[in-house]
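Chemist: This structure is in structure tokens; I'll ask about it shortly.
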Protein chains: 6
Amino acid sequence: MKPIVYRNILRADAGAIEVLERCGVATVHEAQSRVGLMKPHMRPVWKSPAIAGSAVTVLTHPGDNWMLHVAVEQCQKGDILVVGLVSDCTDGLFGELLANSLVARGVKALVIDAGIRDSRPLEEMGFPVWSRAIHAQGSVKETLGAVNVPVVCAGALVNPGDVIVADSDGVVVVPRPRAQDVAAASAKREANEEGKRKQLASGVLGLDLYGMREALASKGLEYSDAVVDWYSGREGL
Amino acid sequence: MKPIVYRNILRADAGAIEVLERCGVATVHEAQSRVGLMKPHMRPVWKSPAIAGSAVTVLTHPGDNWMLHVAVEQCQKGDILVVGLVSDCTDGLFGELLANSLVARGVKALVIDAGIRDSRPLEEMGFPVWSRAIHAQGSVKETLGAVNVPVVCAGALVNPGDVIVADSDGVVVVPRPRAQDVAAASAKREANEEGKRKQLASGVLGLDLYGMREALASKGLEYSDAVVDWYSGREGL
Amino acid sequence: MKPIVYRNILRADAGAIEVLERCGVATVHEAQSRVGLMKPHMRPVWKSPAIAGSAVTVLTHPGDNWMLHVAVEQCQKGDILVVGLVSDCTDGLFGELLANSLVARGVKALVIDAGIRDSRPLEEMGFPVWSRAIHAQGSVKETLGAVNVPVVCAGALVNPGDVIVADSDGVVVVPRPRAQDVAAASAKREANEEGKRKQLASGVLGLDLYGMREALASKGLEYSDAVVDWYSGREGL
Amino acid sequence: MKPIVYRNILRADAGAIEVLERCGVATVHEAQSRVGLMKPHMRPVWKSPAIAGSAVTVLTHPGDNWMLHVAVEQCQKGDILVVGLVSDCTDGLFGELLANSLVARGVKALVIDAGIRDSRPLEEMGFPVWSRAIHAQGSVKETLGAVNVPVVCAGALVNPGDVIVADSDGVVVVPRPRAQDVAAASAKREANEEGKRKQLASGVLGLDLYGMREALASKGLEYSDAVVDWYSGREGL
Amino acid sequence: MKPIVYRNILRADAGAIEVLERCGVATVHEAQSRVGLMKPHMRPVWKSPAIAGSAVTVLTHPGDNWMLHVAVEQCQKGDILVVGLVSDCTDGLFGELLANSLVARGVKALVIDAGIRDSRPLEEMGFPVWSRAIHAQGSVKETLGAVNVPVVCAGALVNPGDVIVADSDGVVVVPRPRAQDVAAASAKREANEEGKRKQLASGVLGLDLYGMREALASKGLEYSDAVVDWYSGREGL
Amino acid sequence: MKPIVYRNILRADAGAIEVLERCGVATVHEAQSRVGLMKPHMRPVWKSPAIAGSAVTVLTHPGDNWMLHVAVEQCQKGDILVVGLVSDCTDGLFGELLANSLVARGVKALVIDAGIRDSRPLEEMGFPVWSRAIHAQGSVKETLGAVNVPVVCAGALVNPGDVIVADSDGVVVVPRPRAQDVAAASAKREANEEGKRKQLASGVLGLDLYGMREALASKGLEYSDAVVDWYSGREGL
């Protein structure tokens, strides 16, 4: 890749980010028609609250965290640092010292498709991290990458300034130009779900609430009152 | 598969279930001669207590959770919903709304060989789940499966009405017709282990407690008093 | 392998062990030039504190924990039991009963490249364990292995008496003859890091603290002030 | 499990087996409504032709191939030996010597959810094997298992006497009582596919051949004639 | 995602495609500065020759191949069909019948981040396929996806009309606007490599050919003439 | 690690190497009591014949192949280059150009716990390679490692000068000081197996040839003549 750092990026609307953070990953993912989700190997390092922010992106090499140091300088308050790699790697490319730098700049979280280390200090500092692995393996500072270019991170395309939403269910990417629409759709969906939750909790079946019975029948679902003893193969009592 | 829902199943003896729940997975697995254990990729979503109950089974397709909605209606108080898939999948086929439905019916837990989402609300609700993954990936409602037929879930055969025991060590299946025998064997084993635990904690060696020394010697185990410095290859001091 | 138990091993310097335990895995790994780290599949079973101790090693077979019983007798106060396997295995070769034996002898922790079970009781007892998996699968006692011979555990060579350091970031092995040097280097590194941490937390950039700017420039890193809208491909505002 | 060998099993209809072998895995799997397929980690060791035969089943332990020796005696001409394990294992539980024994008895193939070795001699002998891995790792003969009991092999339930069909696409299990029905459905499907194949090869679209256009439209599929340059975001030329 | 089919795409320069096909994946990947490579799980189903062509893209759901049927109609002679999925899946979404359709339209190959089946017929037809798995698992036709939209396939972003190059080393994506530049750089690199190959084959060392000795020395590489017996720890003879 | 190149190593006895090459991996592994085998992820890139030779070892970093260039100079006719990595990596650290260098020096093969590329040219040149992956991903030349120091490669410890034996079943390491003993034991085992092979091929059962019946009976193996219909649960006909 071309070794370049873009100093200026377009960030997403602050109001939209606030709504997306409140709604959380599952709701936002549904609200934007189920795209943009990172793979399930991305897990929170500790039980941090849901967060959302604009992505500052880094593309780096396995075993090398030099570009993370470069990227710190490009971060602003409220950003989320997103690190993609040119090939799979579980080395601990991030730890307590870099976290101190990010906290000093007001960065909200790190999302990295590699390993991290100093997992306990990260929790004690309250700095949220989503990663592929926890591994103490140290890294070199030898090879250039790029900052604020489009990256694929854990199977999802992230453009600089896209909104990253992360919580205990994983990480989803909202394209910057769609942030306000997706925020609105998420808020609507959330309100709608609250009503459903109450009905389901009161015992109303999803089959009835969503009106599924007819579709199931038309596809051919059969119901049987036979009592089968699967151990003897006998039907009936 | 034939798209069918069996409305009536034979459930296991309530007393046996109570004993099996108290004994936990490792003990029950040993007591039934080390069969019926699900693979180690099945992990608790949160640190829930050990549970046991009769299996209501679902067979479904990757990316599709329609049959989970169908299965809810077939569940009774104390049941455990067990979901097998026709092929490997980590999508989040289950979340908070379905959990509300299951709680409303008194279902004790979910065991699913796929992903789940809303992991934090599930913990807040106190609804125990064992799954292959946590992933926000949403699902469709398009393809029929079956309810209350035999399924293979995480490598273990589960017939409807079998007893599922799950705790922090994983998930084990007790065939319904064997439930009382296995419960009795588990209780006996547990009592027996308590005595062993005390002896071992007091410093008695397993080699002596289990009388292993003779068998080890007859197989040819040798003991050496040499002090080897593996870094120089020298023996002795 | 030859079925043999070495009763006497050379242990590492107690003072060095104490320092290594205080410094933790990431620091020790760096201080010994980034070698000796186990693979990232080795995870703590519960959130135990960092520990360090001399390795008593076991080489055993998949599905068989006989040699763990043999090894208990060779452990002394402060040791760490390290278990390597002749081939990959996730079976639960260790549980509460063996833990009681180890605690009775003052063993500080278990590091095993296989599964363990009784994960909850292990936490309640406060006995630290690092393992490849949590699985209730029981084991047989049929095949001889060896105790206190060199083993490869999770990709790292462990000689009997080497220092094992383990914390939430994983497990690292310090060769016994190097223990004092590595402890000194670790302590020095830790002191050095404390200063860096404060500077970074105050907002000094790693780029400046580590003097990276010149090297980055000489390798050809470019900076751009262009504002790219990656969605339209347009540069500038 | 109970250590037992069932000497007599019910085998499937020879005519059905012949048809199933000719139709191959993909067709048979579809013909029995897409159930009974083993997981994709089961791969042919060499490019053997498609085979089908009655299953003689073995349940064994990781690292132990004693029960394979026991099972040989229970095999008849035309059988397929199917080996399930109590937990995951890639050790080479089968090699050239056991293959000579099976060939001497007229066994058609081995299907094993573990590793095998002597892969080159197996190919030279022309003995077909489907396995999870190729690994030279030797095995012990210490622990009893069972022969001709139901086993779960690579995620599929296999009862003794079930028909195993295996080819370059994997392995599928046909329950013995359904063998003739599935054979008939497979043959019918195969004939039907031949016609479709010719039409598709001549350029007829599946959309038209299967009449999919209406269903696609009713679900909401849209077509656009816009020419999008995804690199500039511009539509149209 | 929005269920849409773009009928018209911009394709890459035919001359560039021809050069890229001749140069192969490793050379092209290097020539475009080591970006755009798919993950190593993408393997050729059979030993097909290197190919290159313009991508027709499909985004589909796990277990569902409906959109592949839709995509066939959008393919032209020389295209390569590229299939991305919304979540990981190894089901056999493609087989002989679809291959007949693609061959009828002159499509050169399939690249799919899922499983395929009918692997032997595909080889007999001479239709090249790169996939994540070979699995007979059949698929449904229930859920809409999209055709000719940007997709992430095996970790690489593919825009419709990008050039796909695939051979025994894997699959690389060349952005359409860069195709001619990358083709030129690839051809130049290939010519350059031929000279290096001859020199290296004649015994010239890479250390000298690439002039590495100085850089190695300046980074601190030491050479030692000591003869170490690593088994005794002794140096010298 | 210390960046050092040992120029002189002790190589194994040539006669022993010749015998070990003829016997192959499975036999040698058994003859040295089942230790020293690499993990099953190490696979031959093409169907090369069995080889054996003295190890020249390299320790390198993920994504960096600089030390392979350094190591070439240290190789002699008949050697096998063995590459271990400080952390897991599938990048293609080796290709056709390096292969030309190794062939020019008479090196017999490469064994690398990472990826390789140019898989087709490697086969055309007839240069045997065992690797973890095939991936075109290119590498940098930035970070020092070491040559001819002990390395862990795919889970096996390799000291410089150890004998590497590799064939279609994988890779095994024979410690240099044991080479002659293991060669003798391998040859003996091979002669012994030939007799067994003939007897087994003639229909003699392993149960009788190895005299297993008594041990099986004494452990409690039971035989049953019952004919069980596992689908109905009925015994007998």
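By convention in this document, the chains of the structure tokens carry letters A, B, ... by their order, each chain's residues are numbered from 1, and ligands are numbered from 1 in the order they are shown.
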Using only C-alpha atoms, which protein or nucleic acid residues come within 7 Å of E:Leu221? Drop anything in the same chain fewer than 4 positions from it, and give the result as a ChimeraX atom specification.
Modeler: /E:216-217 /F:3-4,144
Chemist: Using the selection just defined, write its residues with C-alpha atoms as a tab-separated table (two decimals), in the first residue's frame.
Modeler:
chain	number	residue	atom	x	y	z
E	216	LEU	CA	21.86	-6.67	8.28
E	217	ALA	CA	25.12	-5.62	9.85
F	3	PRO	CA	20.21	-11.72	16.41
F	4	ILE	CA	22.91	-14.26	15.63
F	144	LEU	CA	16.45	-9.66	12.55
Chemist: Pull the closest atom pair for each residue of chain B that gets at most 8 Å from chain E, along with the distance in Å to one decimal, counting only C-alpha atoms, ordering rows by chain and then ascending residue number, as a tab-separated table.
Modeler:
residue	atom	partner	partner_atom	distance
B:His61	CA	E:Gly63	CA	7.2
B:Pro62	CA	E:Gly63	CA	5.9
B:Gly63	CA	E:Pro62	CA	5.9
B:Ser87	CA	E:Asp91	CA	7.0
B:Asp88	CA	E:Cys89	CA	7.0
B:Cys89	CA	E:Cys89	CA	6.6
B:Thr90	CA	E:Asp88	CA	7.5
B:Asp91	CA	E:Ser87	CA	7.0
B:Gln137	CA	E:Ser87	CA	7.5
B:Val140	CA	E:Thr143	CA	7.6
B:Glu142	CA	E:Glu142	CA	6.0
B:Thr143	CA	E:Glu142	CA	7.2
B:Tyr231	CA	E:Gly233	CA	6.1
B:Ser232	CA	E:Gly233	CA	4.5
B:Gly233	CA	E:Ser232	CA	4.5
B:Arg234	CA	E:Ser232	CA	7.1
Chemist: Go through stretch 44-221 of chain D and collect every residue that DSSP, computed from the backbone, puts in alpha helix (DSSP H); the answer should be as a PyMOL selection string.
Modeler: chain D and resi 66-72+96-104+119-125+179-201+206-209+213-219
Chemist: If we count only C-alpha atoms and set the cut-off at 6 Å, which residues sit around stretch 18-25 of chain E, ignoring sequence neighbours fewer than 3 positions away in its own chain? Please answer as JSON, numbers by chain.
Modeler: {"E": [15, 28, 29, 51, 52, 165, 166, 183]}
Chemist: Let's have chain F fitted on chain C; use all the C-alpha atoms paired in order for the least-squares step and return it as a CSV table (one decimal) with C-alpha atoms, in the first residue's frame.
Modeler:
chain,number,residue,atom,x,y,z
F,1,MET,CA,8.9,-41.4,25.2
F,2,LYS,CA,10.7,-43.2,28.0
F,3,PRO,CA,8.3,-43.5,31.0
F,4,ILE,CA,10.4,-41.9,33.7
F,5,VAL,CA,9.9,-39.5,36.7
F,6,TYR,CA,12.8,-37.3,37.8
F,7,ARG,CA,12.4,-36.8,41.5
F,8,ASN,CA,14.9,-34.0,41.8
F,9,ILE,CA,15.0,-30.8,39.8
F,10,LEU,CA,17.0,-27.6,40.0
F,11,ARG,CA,14.7,-24.7,40.8
F,12,ALA,CA,15.1,-21.1,40.0
F,13,ASP,CA,16.2,-18.4,42.4
F,14,ALA,CA,13.4,-17.4,44.7
F,15,GLY,CA,14.2,-13.7,44.6
F,16,ALA,CA,14.1,-13.7,40.8
F,17,ILE,CA,10.8,-15.5,40.9
F,18,GLU,CA,9.3,-12.8,43.2
F,19,VAL,CA,10.4,-10.0,40.8
F,20,LEU,CA,9.2,-11.8,37.7
F,21,GLU,CA,5.8,-12.4,39.4
F,22,ARG,CA,5.5,-8.7,40.2
F,23,CYS,CA,6.5,-7.6,36.6
F,24,GLY,CA,4.0,-9.8,34.8
F,25,VAL,CA,4.0,-11.5,31.4
F,26,ALA,CA,4.2,-8.6,29.0
F,27,THR,CA,7.1,-7.0,30.7
F,28,VAL,CA,9.0,-10.2,31.3
F,29,HIS,CA,8.5,-11.3,27.7
F,30,GLU,CA,9.9,-8.0,26.4
F,31,ALA,CA,12.8,-8.1,29.0
F,32,GLN,CA,14.0,-11.5,27.6
F,33,SER,CA,13.9,-10.2,24.0
F,34,ARG,CA,10.4,-11.6,23.1
F,35,VAL,CA,11.0,-15.3,23.3
F,36,GLY,CA,9.4,-18.0,25.4
F,37,LEU,CA,5.7,-17.0,25.1
F,38,MET,CA,3.0,-19.6,24.9
F,39,LYS,CA,0.4,-19.4,22.1
F,40,PRO,CA,-2.7,-17.2,22.7
F,41,HIS,CA,-5.0,-20.2,23.1
F,42,MET,CA,-3.7,-20.5,26.7
F,43,ARG,CA,-6.2,-18.5,28.8
F,44,PRO,CA,-6.9,-18.1,32.5
F,45,VAL,CA,-9.9,-20.1,33.7
F,46,TRP,CA,-10.8,-17.3,36.1
F,47,LYS,CA,-9.5,-13.8,36.7
F,48,SER,CA,-6.6,-14.8,39.0
F,49,PRO,CA,-3.7,-12.5,40.0
F,50,ALA,CA,-0.3,-12.8,38.2
F,51,ILE,CA,1.8,-15.7,39.5
F,52,ALA,CA,5.3,-17.1,39.0
F,53,GLY,CA,7.0,-20.2,40.1
F,54,SER,CA,9.3,-23.1,39.1
F,55,ALA,CA,8.0,-25.6,36.6
F,56,VAL,CA,7.3,-29.2,37.4
F,57,THR,CA,6.7,-30.6,34.0
F,58,VAL,CA,4.5,-33.5,32.8
F,59,LEU,CA,4.2,-35.1,29.3
F,60,THR,CA,1.0,-37.0,28.8
F,61,HIS,CA,-1.3,-38.4,26.2
F,62,PRO,CA,-4.6,-37.1,24.9
F,63,GLY,CA,-7.5,-38.3,27.1
F,64,ASP,CA,-5.2,-39.6,29.8
F,65,ASN,CA,-4.4,-37.8,33.1
F,66,TRP,CA,-2.6,-40.6,34.9
F,67,MET,CA,0.7,-38.8,34.9
F,68,LEU,CA,-0.8,-35.7,36.6
F,69,HIS,CA,-1.5,-37.9,39.6
F,70,VAL,CA,2.1,-39.1,39.4
F,71,ALA,CA,3.4,-35.5,39.1
F,72,VAL,CA,1.6,-34.2,42.2
F,73,GLU,CA,4.0,-36.1,44.4
F,74,GLN,CA,7.0,-34.4,42.8
F,75,CYS,CA,5.6,-30.8,43.5
F,76,GLN,CA,6.9,-28.6,46.2
F,77,LYS,CA,5.5,-25.4,47.8
F,78,GLY,CA,5.7,-22.6,45.2
F,79,ASP,CA,5.9,-24.8,42.1
F,80,ILE,CA,3.7,-24.5,39.0
F,81,LEU,CA,2.6,-27.7,37.3
F,82,VAL,CA,3.1,-27.5,33.5
F,83,VAL,CA,1.4,-30.1,31.4
F,84,GLY,CA,2.3,-30.8,27.7
F,85,LEU,CA,0.6,-33.3,25.5
F,86,VAL,CA,1.9,-35.5,22.7
F,87,SER,CA,-1.0,-34.4,20.5
F,88,ASP,CA,-3.7,-31.7,20.6
F,89,CYS,CA,-6.5,-32.4,23.1
F,90,THR,CA,-9.3,-30.4,24.8
F,91,ASP,CA,-10.4,-33.1,27.3
F,92,GLY,CA,-10.7,-32.0,30.9
F,93,LEU,CA,-7.6,-33.7,32.3
F,94,PHE,CA,-7.7,-31.7,35.5
F,95,GLY,CA,-10.4,-30.8,38.1
F,96,GLU,CA,-11.3,-30.1,41.6
F,97,LEU,CA,-9.9,-33.3,43.2
F,98,LEU,CA,-6.4,-32.9,41.7
F,99,ALA,CA,-6.6,-29.2,42.6
F,100,ASN,CA,-7.1,-30.1,46.2
F,101,SER,CA,-4.0,-32.2,46.1
F,102,LEU,CA,-1.9,-29.5,44.5
F,103,VAL,CA,-3.2,-26.9,47.1
F,104,ALA,CA,-2.3,-29.3,49.9
F,105,ARG,CA,1.3,-29.3,48.6
F,106,GLY,CA,1.5,-25.5,48.2
F,107,VAL,CA,1.5,-25.5,44.4
F,108,LYS,CA,0.7,-22.1,43.0
F,109,ALA,CA,-1.0,-22.8,39.7
F,110,LEU,CA,-1.5,-25.2,36.8
F,111,VAL,CA,-0.6,-24.5,33.2
F,112,ILE,CA,-2.0,-27.2,30.8
F,113,ASP,CA,-2.2,-27.4,27.0
F,114,ALA,CA,-5.4,-29.3,27.2
F,115,GLY,CA,-8.9,-28.8,28.8
F,116,ILE,CA,-9.8,-28.6,32.5
F,117,ARG,CA,-13.2,-29.1,34.3
F,118,ASP,CA,-14.7,-28.0,37.6
F,119,SER,CA,-14.0,-24.4,36.5
F,120,ARG,CA,-16.3,-22.9,39.1
F,121,PRO,CA,-14.9,-24.9,42.1
F,122,LEU,CA,-11.4,-24.0,40.9
F,123,GLU,CA,-12.3,-20.3,41.1
F,124,GLU,CA,-14.0,-20.8,44.5
F,125,MET,CA,-10.9,-22.5,45.8
F,126,GLY,CA,-8.8,-19.6,44.4
F,127,PHE,CA,-6.5,-22.0,42.5
F,128,PRO,CA,-5.2,-20.3,39.3
F,129,VAL,CA,-5.3,-22.3,36.1
F,130,TRP,CA,-4.3,-21.5,32.5
F,131,SER,CA,-5.6,-23.9,29.9
F,132,ARG,CA,-6.5,-24.5,26.3
F,133,ALA,CA,-10.2,-25.2,27.0
F,134,ILE,CA,-12.9,-25.8,29.6
F,135,HIS,CA,-14.5,-29.2,29.0
F,136,ALA,CA,-16.1,-31.7,31.3
F,137,GLN,CA,-14.8,-34.7,29.2
F,138,GLY,CA,-13.3,-37.2,31.6
F,139,SER,CA,-10.0,-39.0,31.2
F,140,VAL,CA,-8.6,-42.5,31.5
F,141,LYS,CA,-5.5,-43.6,33.5
F,142,GLU,CA,-3.9,-46.1,31.2
F,143,THR,CA,-0.8,-44.8,29.5
F,144,LEU,CA,2.6,-43.8,31.0
F,145,GLY,CA,4.2,-40.5,30.2
F,146,ALA,CA,7.0,-38.7,32.0
F,147,VAL,CA,7.6,-36.2,34.8
F,148,ASN,CA,10.3,-33.5,34.9
F,149,VAL,CA,11.5,-33.9,31.4
F,150,PRO,CA,11.6,-31.1,28.8
F,151,VAL,CA,8.2,-30.5,27.2
F,152,VAL,CA,6.8,-28.3,24.5
F,153,CYS,CA,3.6,-26.7,26.0
F,154,ALA,CA,1.5,-24.4,23.7
F,155,GLY,CA,4.5,-23.9,21.4
F,156,ALA,CA,7.0,-23.0,24.1
F,157,LEU,CA,9.8,-25.2,25.4
F,158,VAL,CA,9.7,-25.7,29.1
F,159,ASN,CA,12.6,-27.4,31.0
F,160,PRO,CA,12.0,-28.6,34.6
F,161,GLY,CA,12.8,-25.8,37.0
F,162,ASP,CA,12.2,-23.0,34.4
F,163,VAL,CA,10.2,-20.0,35.7
F,164,ILE,CA,6.6,-19.8,34.6
F,165,VAL,CA,5.0,-16.4,34.7
F,166,ALA,CA,1.3,-16.2,34.0
F,167,ASP,CA,-1.3,-13.5,34.1
F,168,SER,CA,-4.4,-12.2,32.2
F,169,ASP,CA,-2.2,-11.7,29.1
F,170,GLY,CA,-1.0,-15.4,28.9
F,171,VAL,CA,2.0,-17.4,29.9
F,172,VAL,CA,5.7,-16.9,29.4
F,173,VAL,CA,8.6,-19.2,30.2
F,174,VAL,CA,12.0,-18.0,31.6
F,175,PRO,CA,14.8,-20.5,31.3
F,176,ARG,CA,16.1,-21.2,34.8
F,177,PRO,CA,19.7,-20.1,34.1
F,178,ARG,CA,18.5,-16.8,32.8
F,179,ALA,CA,16.0,-16.1,35.7
F,180,GLN,CA,18.1,-13.6,37.6
F,181,ASP,CA,19.2,-11.7,34.5
F,182,VAL,CA,15.6,-11.5,33.1
F,183,ALA,CA,14.3,-10.5,36.5
F,184,ALA,CA,16.8,-7.6,36.7
F,185,ALA,CA,16.0,-6.6,33.1
F,186,SER,CA,12.2,-6.8,33.9
F,187,ALA,CA,12.5,-4.6,36.9
F,188,LYS,CA,14.5,-2.1,35.0
F,189,ARG,CA,12.0,-2.1,32.2
F,190,GLU,CA,9.1,-1.7,34.6
F,191,ALA,CA,10.7,1.4,36.2
F,192,ASN,CA,11.4,2.8,32.8
F,193,GLU,CA,7.8,2.2,31.6
F,194,GLU,CA,6.4,4.1,34.6
F,195,GLY,CA,8.0,7.3,33.5
F,196,LYS,CA,6.8,6.8,29.9
F,197,ARG,CA,3.3,6.1,31.1
F,198,LYS,CA,3.1,9.4,32.9
F,199,GLN,CA,4.4,11.3,30.0
F,200,LEU,CA,2.0,9.6,27.5
F,201,ALA,CA,-0.9,10.2,29.9
F,202,SER,CA,0.0,13.9,30.0
F,203,GLY,CA,-0.4,14.0,26.3
F,204,VAL,CA,3.2,13.7,25.0
F,205,LEU,CA,3.0,11.7,21.8
F,206,GLY,CA,4.9,8.4,21.4
F,207,LEU,CA,6.1,9.8,18.1
F,208,ASP,CA,8.0,12.4,20.1
F,209,LEU,CA,8.8,10.4,23.2
F,210,TYR,CA,10.4,7.6,21.2
F,211,GLY,CA,11.8,10.0,18.6
F,212,MET,CA,10.1,8.2,15.7
F,213,ARG,CA,9.4,11.0,13.3
F,214,GLU,CA,12.8,11.0,11.5
F,215,ALA,CA,12.8,7.2,10.9
F,216,LEU,CA,9.2,7.4,9.6
F,217,ALA,CA,10.1,10.2,7.2
F,218,SER,CA,13.3,8.5,6.0
F,219,LYS,CA,11.3,5.3,5.2
F,220,GLY,CA,9.0,7.5,3.1
F,221,LEU,CA,5.9,8.1,5.1
F,222,GLU,CA,3.9,11.0,3.6
F,223,TYR,CA,1.3,13.2,5.2
F,224,SER,CA,-1.6,14.7,3.3
F,225,ASP,CA,-4.0,17.5,4.2
F,226,ALA,CA,-6.5,16.5,1.6
F,227,VAL,CA,-10.0,15.8,2.8
F,228,VAL,CA,-11.2,12.7,0.9
F,229,ASP,CA,-14.8,11.8,0.8
F,230,TRP,CA,-14.3,8.1,0.2
F,231,TYR,CA,-17.9,7.7,-0.8
F,232,SER,CA,-17.7,10.0,-3.7
F,233,GLY,CA,-14.0,9.7,-4.4
F,234,ARG,CA,-13.8,13.5,-4.2
F,235,GLU,CA,-10.9,15.3,-2.6
F,236,GLY,CA,-11.1,18.7,-0.9
F,237,LEU,CA,-14.2,20.4,0.5
Chemist: How would you write, as a PyMOL selection string, the set of residues in stretch 69-191 of chain D that DSSP gives as strand (DSSP E or B)?
Modeler: chain D and resi 79-85+92+109-116+129-134+140+146-147+151-153+156-158+163-167+170-174
